[in-house]
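Student: Quick one: the structure is below, questions incoming.
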There are 4 protein chains.
Amino acid sequence: MPTIAIIGASGYAGQETLDRVLRHPELEVVALGSDSLAGEPSSALDVRLNGSLPRFTPNAEAAAAGADLLFLCLDHDRAAAFAPPVGTVVVDLSGAHRLQDTSLYGAWYGWEHPAANTGWSYAIPELLPPAGELIANPGCYATAAILALWPVRDAIEPASVVVDAKSGVSGAGRELRRSSHAGFVLENLSPYKVGAHQHAPEIAQALGFPVCFVPHLLPVRRGLLATCYVQPTRDLRPLLEDAYADSAVVRVLPDGVVPELARVQHTDGAEIALFEDRATDRAVVLCAIDNLGKGAAGQAVQNANLALGLDETAGLLLNGVLV
Amino acid sequence: MPTIAIIGASGYAGQETLDRVLRHPELEVVALGSDSLAGEPSSALDVRLNGSLPRFTPNAEAAAAGADLLFLCLDHDRAAAFAPPVGTVVVDLSGAHRLQDTSLYGAWYGWEHPAANTGWSYAIPELLPPAGELIANPGCYATAAILALWPVRDAIEPASVVVDAKSGVSGAGRELRRSSHAGFVLENLSPYKVGAHQHAPEIAQALGFPVCFVPHLLPVRRGLLATCYVQPTRDLRPLLEDAYADSAVVRVLPDGVVPELARVQHTDGAEIALFEDRATDRAVVLCAIDNLGKGAAGQAVQNANLALGLDETAGLLLNGVLV
Amino acid sequence: MPTIAIIGASGYAGQETLDRVLRHPELEVVALGSDSLAGEPSSALDVRLNGSLPRFTPNAEAAAAGADLLFLCLDHDRAAAFAPPVGTVVVDLSGAHRLQDTSLYGAWYGWEHPAANTGWSYAIPELLPPAGELIANPGCYATAAILALWPVRDAIEPASVVVDAKSGVSGAGRELRRSSHAGFVLENLSPYKVGAHQHAPEIAQALGFPVCFVPHLLPVRRGLLATCYVQPTRDLRPLLEDAYADSAVVRVLPDGVVPELARVQHTDGAEIALFEDRATDRAVVLCAIDNLGKGAAGQAVQNANLALGLDETAGLLLNGVLV
Amino acid sequence: MPTIAIIGASGYAGQETLDRVLRHPELEVVALGSDSLAGEPSSALDVRLNGSLPRFTPNAEAAAAGADLLFLCLDHDRAAAFAPPVGTVVVDLSGAHRLQDTSLYGAWYGWEHPAANTGWSYAIPELLPPAGELIANPGCYATAAILALWPVRDAIEPASVVVDAKSGVSGAGRELRRSSHAGFVLENLSPYKVGAHQHAPEIAQALGFPVCFVPHLLPVRRGLLATCYVQPTRDLRPLLEDAYADSAVVRVLPDGVVPELARVQHTDGAEIALFEDRATDRAVVLCAIDNLGKGAAGQAVQNANLALGLDETAGLLLNGVLV
């Protein structure tokens with residue numbers, strides 16, 4: 001049974017990854033890294049965790065514990081500085097290894113990347129499967145936009161694309177900041193990093209052309225919707241349906257049905273829908289995911305499964321018809 | 001002191017209009033029309049209302065009560081069938097009199113308009129002031145989109161315009177329907193009438209060209225944000241700042257400041273912001289309003305003030321720095 | 001493999017029961033009853049359901065389909081009128097068969113019960129296991145209050161007990177009513193049926209003495225907290241810990257840890273905590289559940305498992321550490 | 001025209017106090033104190049504020065600016081250390097001067113009070129009007145509980161009283177902490193400081209006997225409900241109605257009508273309702289306020305008005321029938 005360690009296990013991404021691993025029939029946890037909780041039992045993170053799991057150790061120790069695979073759930077700067085043990089599969093949930101052109105980090109992350117991202121593959125299992133041991137797990141907004149647009153990228157006018165996205169607050173992580181304060185978030189909606197969000201170049205890298213992208217913070221805990229506006233050059237529906245015909249993760253909705261956050265929250269699935277605009281020649285492609293599921297931990301485990309040769313959807317949250 | 005009657009006083013728009021009228025120093029309520037509450041005291045609508053107000057009467061009686069001005073807060077079909085008393089100012093908050101080309105109602109409202117909208121002026125005080133006694137009060141989404149786009153309409157590529165809008169649930173009124181059920185709305189976000197919403201032709205009529213428009217239902221009670229994507233042909237900021245330089249209602253935000261629902265909720269004001277996209281040649285114009293304020297009752301009272309020759313902002317909710 | 005049918009499958013309780021049955025390794029669905037959806041495929045209820053399930057049939061047909069067990073998810077009056085097929089296990093999720101003294105229905109339900117509830121057992125697996133084929137599944141509020149209070153019922157002053165409970169809106173079902181309208185629920189909190197809710201006599205029947213009970217409607221989709229105030233006559237902690245020592249469903253929290261809706265939402269588990277009041281001689285016992293999980297469908301399946309001799313927790317949502 | 005300064009103007013309480021002062025026809029702002037924003041224009045706090053207001057100054061300077069009245073909006077420890085200028089009216093919105101027996105601070109605030117609270121009057125205008133220049137403004141929970149219970153304190157069994165309260169997140173202020181993180185608050189409900197909250201001794205001091213008090217954090221921005229359980233010794237309704245018969249601030253609701261957060265949010269008013277329990281001999285007194293209104297800034301301005309001999313409700317938010 002392959003072994004895994006989670007580096008940065010006490011943030012949202014780490015905890016959600018642990019959730020999938022605990023549901024996974026073929027993965028064994030050998031180390032939980034957390035510099036802030038080092039020495040504490042797993043129940044210090046969440047009272048639902050118990051004695052069968054190892055105590056938290058410092059991240060460096062967890063990384064050296066000999067696991068077959070590491071989930072890297074750190075900030076992008078610490079992830080960039082992380083030296084992967086040779087022969088270990090690494091799935092990095094941060095942004096550190098997503099952009100091949102690392103000169104872009106200065107402008108979009110406000111942070112100079114210290115090295116090239118050589119050897120890292122940017123992986124979305126349905127479209128861009130992982131290659132090799134070093135896997136850059138996509139950003140939540142980028143995942144939704146790419147799931148919606150990649151299959152139709154050759155059938156739309158590149159200059160026409162607008163991606164208007166909306167995400168629940170867990171997308172910003174567990175860190176305390178003004179924009180995550182409930183007094184700010186509740187009964188509110190706020191656009192942020194308008195035209196300047198770091199997932200824009202990630203989407204551009206996958207599609208091959210730039211897009212105009214604006215994210216908004218929703219007063220919900222989880223879930224993300226990307227509303228993508230495009231000028232099609234031919235019928236887009238067959239392209240979308242073909243792309244996901246065999247997928248257990250991505251569902252292309254029937255004509256006229258809109259995606260809903262509520263149907264993908266707490267899951268690792270995605271919903272995609274296509275609509276025509278009546279007033280103009282535009283089409284609208286919508287994609288809903290859980291930002292912590294398909295947008296982070298779910299996709300990380302899915303990528304890990306592919307890299308380890310396991311069943312692609314093992315450990316994922318994909319079934320259920322909760323109201 | 002001018003007298004007013006509210007026709008359809010028991011819906012959201014009617015109650016919010018009453019709220020402003022009660023705050024208004026120069027308007028007197030002579031009749032509250034409601035077919036469902038006819039005969040009941042005003043407290044039957046809300047325990048905060050009391051004996052100094054008239055009892056509810058049937059709408060037809062309220063319309064015939066001799067008021068100087070009628071606020072028409074009915075569904076569009078009942079509003080279209082309403083015969084305004086001669087010599088009375090009418091502010092219609094429904095969609096019945098907004099579209100000059102009444103042949104459009106079939107396609108966009110799913111309802112054939114019975115007559116021409118001759119004599120009705122579509123009025124946004126800052127941009128398109130009311131002319132004459134019959135005033136069509138704009139839709140909430142249309143108000144936000146037009147406030148953002150009308151001042152720049154000659155400085156953008158018409159074919160580039162996308163309006164992605166998000167509204168709180170009160171925009172759908174007090175009627176019970178599946179999409180207003182809290183079990184559907186809470187912790188959810190849902191696009192609806194994608195590319196097919198009836199405010200699209202209203203926006204097109206004001207701008208002079210069609211736009212691609214998609215509304216989304218937010219899990220908030222009040223507030224609306226329109227995120228408008230345009231390809232500018234010159235700098236848009238001076239156009240926006242000039243348009244609203246003298247306005248006590250619309251605030252153009254400083255560079256870098258985003259609009260927030262929380263700052264316009266429970267007010268009749270609007271916030272507008274302009275951003276450039278870093279990745280493409282697009283600009284983003286954002287407009288936030290309260291859908292029941294500037295998006296409905298606040299603008300109705302503002303239009304009424306102009307029609308009656310009163311102070312434009314009398315009765316409006318415009319001050320305050322609530323957190 | 002035992003077969004089941006769901007009578008009233010298109011409401012919240014029915015859909016959530018179906019959710020657990022679909023996760024269950026040892027139950028087979030033979031009929032989905034719904035008078036409103038009769039003839040429709042299962043996808044008419046939810047786009048996540050597909051062709052492997054039978055079409056909806058009228059409830060009477062579904063009841064006669066020969067299933068080994070029926071989940072009865074109807075209103076209490078239709079459930080009371082339902083004649084269970086001989087030899088079939090029935091789990092009734094309505095209130096119709098909960099009160100042994102059926103004369104109480106007039107006062108608490110505003111409805112006269114047509115018959116005696118002979119043969120029905122009121123069942124909470126951890127405390128009051130089902131006996132026989134006819135099982136009355138407890139109400140959501142009653143479940144939380146009884147889980148908190150039954151183990152300590154002999155160690156508290158009966159006259160001291162106050163149960164203040166708060167529930168998400170899904171507790172009121174899918175029916176459209178003013179109190180479920182999102183414009184009423186969002187950013188609000190409302191007590192209702194103060195001192196007059198029908199779960200009060202249900203709690204009293206289980207405990208053996210009446211309690212003062214007030215429910216409140218929360219602006220959340222799912223989840224329920226009962227805050228129970230008691231005057232203890234001895235230490236209550238050992239009683240609570242002993243009662244649930246072997247339970248995979250109910251967790252007694254360590255000293256100082258409060259229950260949270262977020263940890264039990266979308267699960268069939270329960271969290272219980274005990275606190276002492278510093279100012280008076282009272283203790284506070286708190287219980288959090290998901291109103292649709294342990295408060296309805298989860299407990300129904302748990303009761304069904306016991307009645308059919310299956311693993312008690314098969315099909316239940318009990319694991320996971322989602323944030 | 002009396003002059004005022006706000007000490008600690010950049011927190012929630014300070015900003016909301018400023019809101020009322022700006023609406024007040026007879027108060028002039030001479031200084032806005034904020035150590036963190038010192039030197040900045042008022043717009044640094046909120047884009048709605050503008051040049052007619054003074055820039056922020058350090059709190060010590062603002063206190064020495066010669067205002068007739070100071071609103072003290074600091075943490076309790078800084079408020080306790082504050083030396084009021086002689087001859088100045090001070091309204092302290094913190095907890096520092098509320099408890100006459102300052103030995104209680106150690107146990108309930110986890111902080112030893114440095115001095116006696118001589119000269120400070122604990123003031124609720126309707127019940128306990130301010131006396132003298134030094135005014136301790138009550139806590140939000142305490143205000144709601146005292147409004148509900150003080151008028152009936154001689155008609156209930158003291159040992160029977162339970163206060164179960166629920167508050168929006170703004171009650172915890174603008175400071176960043178885990179319990180105010182939207183990822184924790186949204187779609188959640190959490191009891192906290194169970195039986196150990198510092199408003200318990202404040203309620204006890206006003207009533208003359210201790211009560212069992214538990215607060216809960218609601219996923220709403222504003223608003224607070226106290227559900228108070230009592231064993232009455234006679235009819236409580238006349239006592240409540242008499243107490244507030246002349247009040248423009250507190251409304252005793254008709255029989256059968258429950259208070260709602262939505263009707264008091266963004267106001268300085270209060271709603272009180274009385275219900276009998278059907279199952280026991282208890283009565284339930286409910287009180288809803290806005291925690292930042294009657295629970296903080298609204299009451300502070302109301303107390304200030306009384307101390308300065310102005311109209312009691314000048315500057316308060318009391319009218320309106322917003323939906």
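We label chains A, B, ... in the order they appear in the structure tokens, count residues from 1 in each chain, and number ligands from 1 in the order shown.
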DSSP says alpha helix (DSSP H) for which residues of stretch 2-171 of chain C? Put them as number ranges by chain?

Tutor: C: 12-23, 59-63, 76-80, 104-109, 140-149

Student: Could you please tell me, as a ChimeraX atom specification, which residues of chain D have an atom within 6 Å of chain B when using only C-alpha atoms?

Tutor: /D:16,19,320-322

Student: Residues of the last selection are to be written out with N, CA, C and O atoms, as a PDB file, in the first residue's frame.

Tutor:
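Contents of part-v2.pdb, freshly written:
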ATOM      1  N   GLU D  16     -19.880  53.069  14.139  1.00  0.00           N
ATOM      2  CA  GLU D  16     -21.338  53.161  14.266  1.00  0.00           C
ATOM      3  C   GLU D  16     -21.745  54.379  15.107  1.00  0.00           C
ATOM      4  O   GLU D  16     -22.776  55.006  14.853  1.00  0.00           O
ATOM      5  N   ASP D  19     -21.556  57.223  12.861  1.00  0.00           N
ATOM      6  CA  ASP D  19     -22.731  57.219  11.980  1.00  0.00           C
ATOM      7  C   ASP D  19     -23.895  57.986  12.603  1.00  0.00           C
ATOM      8  O   ASP D  19     -24.503  58.836  11.956  1.00  0.00           O
ATOM      9  N   GLY D 320     -38.671  53.601   9.668  1.00  0.00           N
ATOM     10  CA  GLY D 320     -38.418  52.784   8.488  1.00  0.00           C
ATOM     11  C   GLY D 320     -39.114  51.448   8.565  1.00  0.00           C
ATOM     12  O   GLY D 320     -39.281  50.874   9.634  1.00  0.00           O
ATOM     13  N   VAL D 321     -39.533  50.962   7.406  1.00  0.00           N
ATOM     14  CA  VAL D 321     -40.157  49.639   7.303  1.00  0.00           C
ATOM     15  C   VAL D 321     -39.515  48.866   6.165  1.00  0.00           C
ATOM     16  O   VAL D 321     -40.177  48.282   5.321  1.00  0.00           O
ATOM     17  N   LEU D 322     -38.187  48.887   6.135  1.00  0.00           N
ATOM     18  CA  LEU D 322     -37.465  48.126   5.123  1.00  0.00           C
ATOM     19  C   LEU D 322     -37.846  46.659   5.213  1.00  0.00           C
ATOM     20  O   LEU D 322     -38.074  46.127   6.297  1.00  0.00           O
TER      21      LEU D 322
END

Student: Near stretch 234-241 of chain C, counting only C-alpha atoms, which residues have an atom at most 8 Å away, once you skip same-chain residues fewer than 5 positions from it, shown as number ranges by chain?

Tutor: C: 148, 151-152, 155-156, 252, 274

Student: Could you list, with a cut-off of 9 Å and counting only C-alpha atoms, the residues of stretch 188-248 of chain D near stretch 122-145 of chain D, each shown with its nearest atom pair and the distance in Å rounded to one decimal, rows sorted by chain and ascending number, as a Markdown table?

Tutor:
| residue | atom | partner | partner_atom | distance |
| --- | --- | --- | --- | --- |
| D:His199 | CA | D:Ala142 | CA | 5.7 |
| D:Ala200 | CA | D:Ala142 | CA | 7.4 |
| D:Glu202 | CA | D:Ala142 | CA | 6.4 |
| D:Ile203 | CA | D:Ala142 | CA | 5.4 |
| D:Ala206 | CA | D:Tyr122 | CA | 8.7 |
| D:Pro215 | CA | D:Tyr141 | CA | 8.0 |
| D:Leu224 | CA | D:Tyr141 | CA | 7.5 |
| D:Leu225 | CA | D:Ala144 | CA | 7.3 |
| D:Ala226 | CA | D:Ala144 | CA | 6.0 |
| D:Thr227 | CA | D:Ala145 | CA | 8.2 |
| D:Cys228 | CA | D:Ala145 | CA | 7.2 |
| D:Ala243 | CA | D:Glu126 | CA | 7.8 |
| D:Tyr244 | CA | D:Glu126 | CA | 7.3 |
| D:Ser247 | CA | D:Glu126 | CA | 7.2 |

Student: Leaving out B:Ser160 and any residue of its chain fewer than 5 positions from it, which residues lie within 12 Å of it when counting only C-alpha atoms, given as a ChimeraX atom specification?

Tutor: /A:157,159-162,212,229-231,280-282 /B:153,155,209-213,228-233,281-284

Student: Just N, CA, C and O atoms for this one: save the residues we selected as a short mmCIF file (atom, residue, chain, number, x, y, z; two decimals), in the first residue's frame.

Tutor:
data_model
loop_
_atom_site.label_atom_id
_atom_site.label_comp_id
_atom_site.auth_asym_id
_atom_site.auth_seq_id
_atom_site.Cartn_x
_atom_site.Cartn_y
_atom_site.Cartn_z
N GLU A 157 -13.40 32.62 -30.54
CA GLU A 157 -12.50 33.74 -30.80
C GLU A 157 -11.72 34.03 -29.52
O GLU A 157 -12.32 34.43 -28.52
N ALA A 159 -9.95 36.47 -28.53
CA ALA A 159 -10.06 37.82 -27.97
C ALA A 159 -11.40 38.08 -27.31
O ALA A 159 -11.58 39.10 -26.65
N SER A 160 -12.34 37.15 -27.50
CA SER A 160 -13.68 37.39 -26.97
C SER A 160 -13.87 36.90 -25.54
O SER A 160 -14.89 37.18 -24.92
N VAL A 161 -12.89 36.18 -25.01
CA VAL A 161 -13.15 35.42 -23.78
C VAL A 161 -13.10 36.29 -22.52
O VAL A 161 -12.13 37.00 -22.27
N VAL A 162 -14.16 36.19 -21.76
CA VAL A 162 -14.25 36.82 -20.44
C VAL A 162 -14.60 35.73 -19.44
O VAL A 162 -15.52 34.94 -19.68
N CYS A 212 -9.61 37.71 -20.06
CA CYS A 212 -9.94 38.73 -19.05
C CYS A 212 -10.66 38.02 -17.91
O CYS A 212 -11.69 37.37 -18.12
N TYR A 229 -17.66 33.73 -20.96
CA TYR A 229 -18.32 34.31 -22.14
C TYR A 229 -17.39 34.17 -23.34
O TYR A 229 -16.23 34.59 -23.27
N VAL A 230 -17.91 33.59 -24.41
CA VAL A 230 -17.07 33.36 -25.59
C VAL A 230 -17.87 33.63 -26.86
O VAL A 230 -19.09 33.55 -26.87
N GLN A 231 -17.14 33.94 -27.92
CA GLN A 231 -17.76 34.05 -29.24
C GLN A 231 -17.41 32.78 -29.99
O GLN A 231 -16.25 32.56 -30.37
N THR A 280 -26.88 38.56 -28.46
CA THR A 280 -25.64 38.71 -29.22
C THR A 280 -25.22 37.35 -29.75
O THR A 280 -25.92 36.35 -29.55
N ASP A 281 -24.05 37.30 -30.37
CA ASP A 281 -23.58 36.02 -30.92
C ASP A 281 -22.70 35.26 -29.93
O ASP A 281 -21.92 34.40 -30.33
N ARG A 282 -22.82 35.62 -28.66
CA ARG A 282 -21.99 34.96 -27.66
C ARG A 282 -22.61 33.67 -27.15
O ARG A 282 -23.81 33.47 -27.19
N ARG B 153 -20.65 54.90 -23.36
CA ARG B 153 -21.18 54.13 -24.49
C ARG B 153 -20.52 54.49 -25.81
O ARG B 153 -20.43 53.66 -26.71
N ALA B 155 -17.37 55.32 -26.09
CA ALA B 155 -15.93 55.12 -25.95
C ALA B 155 -15.57 53.66 -25.77
O ALA B 155 -14.50 53.33 -25.26
N PHE B 209 -27.24 49.57 -28.36
CA PHE B 209 -26.70 48.34 -28.94
C PHE B 209 -26.92 47.20 -27.94
O PHE B 209 -27.03 47.43 -26.75
N PRO B 210 -27.00 45.96 -28.46
CA PRO B 210 -27.25 44.83 -27.56
C PRO B 210 -26.01 44.45 -26.75
O PRO B 210 -24.88 44.71 -27.18
N VAL B 211 -26.25 43.87 -25.58
CA VAL B 211 -25.15 43.37 -24.75
C VAL B 211 -25.47 41.94 -24.32
O VAL B 211 -26.64 41.55 -24.28
N CYS B 212 -24.43 41.21 -24.01
CA CYS B 212 -24.59 39.86 -23.48
C CYS B 212 -24.72 39.97 -21.97
O CYS B 212 -23.83 40.50 -21.30
N PHE B 213 -25.83 39.48 -21.42
CA PHE B 213 -26.15 39.72 -20.02
C PHE B 213 -26.54 38.42 -19.33
O PHE B 213 -27.42 37.70 -19.81
N CYS B 228 -19.14 44.78 -15.53
CA CYS B 228 -19.30 45.03 -16.96
C CYS B 228 -17.93 45.02 -17.64
O CYS B 228 -17.02 45.76 -17.24
N TYR B 229 -17.80 44.19 -18.66
CA TYR B 229 -16.54 44.03 -19.39
C TYR B 229 -16.66 44.75 -20.72
O TYR B 229 -17.59 44.47 -21.48
N VAL B 230 -15.71 45.63 -21.00
CA VAL B 230 -15.77 46.41 -22.25
C VAL B 230 -14.38 46.56 -22.85
O VAL B 230 -13.37 46.50 -22.15
N GLN B 231 -14.35 46.77 -24.14
CA GLN B 231 -13.10 47.12 -24.81
C GLN B 231 -13.13 48.62 -25.06
O GLN B 231 -13.90 49.10 -25.90
N PRO B 232 -12.32 49.38 -24.33
CA PRO B 232 -12.41 50.84 -24.44
C PRO B 232 -11.64 51.36 -25.65
O PRO B 232 -10.67 50.75 -26.09
N THR B 233 -12.09 52.48 -26.17
CA THR B 233 -11.37 53.14 -27.25
C THR B 233 -10.63 54.38 -26.75
O THR B 233 -9.84 54.97 -27.46
N ASP B 281 -6.88 43.81 -23.42
CA ASP B 281 -7.13 45.24 -23.59
C ASP B 281 -8.49 45.66 -23.06
O ASP B 281 -9.02 46.70 -23.44
N ARG B 282 -9.05 44.86 -22.19
CA ARG B 282 -10.37 45.16 -21.65
C ARG B 282 -10.31 46.07 -20.43
O ARG B 282 -9.32 46.10 -19.70
N ALA B 283 -11.41 46.78 -20.21
CA ALA B 283 -11.63 47.48 -18.95
C ALA B 283 -12.84 46.86 -18.27
O ALA B 283 -13.67 46.22 -18.94
N VAL B 284 -12.92 47.04 -16.97
CA VAL B 284 -14.02 46.50 -16.19
C VAL B 284 -14.67 47.65 -15.44
O VAL B 284 -14.01 48.37 -14.70
#

Student: Kindly give the distance, in Å, that separates atom CA of D:Cys287 and atom CA of D:Ser121, rounded to a single decimal.

Tutor: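 Atom CA of D:Ser121 lies 23.2 Å from atom CA of D:Cys287.
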
Student: What is the atom CA of C:Leu286 to atom CA of D:Ala107 distance in Å?

Tutor: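 According to the coordinates, atom CA of C:Leu286 and atom CA of D:Ala107 are separated by 23.5 Å.
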
Student: Just the residues within 7 Å of stretch 61-73 of chain B, please, counting only C-alpha atoms, with nothing from its chain fewer than 5 positions along; format it as a short mmCIF file (atom, residue, chain, number, x, y, z; two decimals) with C-alpha atoms, in the first residue's frame.

Tutor:
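Writing done, so here's part24.cif:
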data_model
loop_
_atom_site.label_atom_id
_atom_site.label_comp_id
_atom_site.auth_asym_id
_atom_site.auth_seq_id
_atom_site.Cartn_x
_atom_site.Cartn_y
_atom_site.Cartn_z
CA PRO B 2 -48.44 66.53 -2.76
CA THR B 3 -50.40 63.36 -2.08
CA ILE B 4 -49.50 59.86 -3.19
CA ALA B 5 -51.03 56.40 -3.36
CA ILE B 6 -49.24 53.11 -3.65
CA ILE B 7 -50.89 50.53 -5.87
CA GLY B 8 -49.69 47.09 -4.83
CA ALA B 9 -48.38 48.22 -1.47
CA ALA B 13 -41.36 47.21 -3.99
CA GLY B 14 -44.51 48.66 -2.47
CA VAL B 30 -53.72 59.09 0.90
CA ALA B 31 -54.20 55.46 -0.08
CA LEU B 32 -52.47 52.10 0.23
CA GLY B 33 -53.73 49.68 -2.34
CA ALA B 79 -49.47 47.21 -14.63
CA THR B 88 -51.93 62.06 -12.36
CA VAL B 89 -48.21 61.39 -12.26
CA VAL B 90 -47.55 57.65 -12.40
CA VAL B 91 -44.28 55.95 -11.56
CA ASP B 92 -44.48 52.33 -12.69
CA LEU B 93 -42.00 50.05 -10.94
CA SER B 94 -42.91 47.05 -13.10
#

Student: So, with only C-alpha atoms as the atoms that count, which of A:Pro54, A:Pro201, A:Gly168, A:Gly223 lies closest to A:Leu261?

Tutor: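 Of A:Pro54, A:Pro201, A:Gly168, A:Gly223, the one nearest A:Leu261, counting only C-alpha atoms, is A:Gly223.
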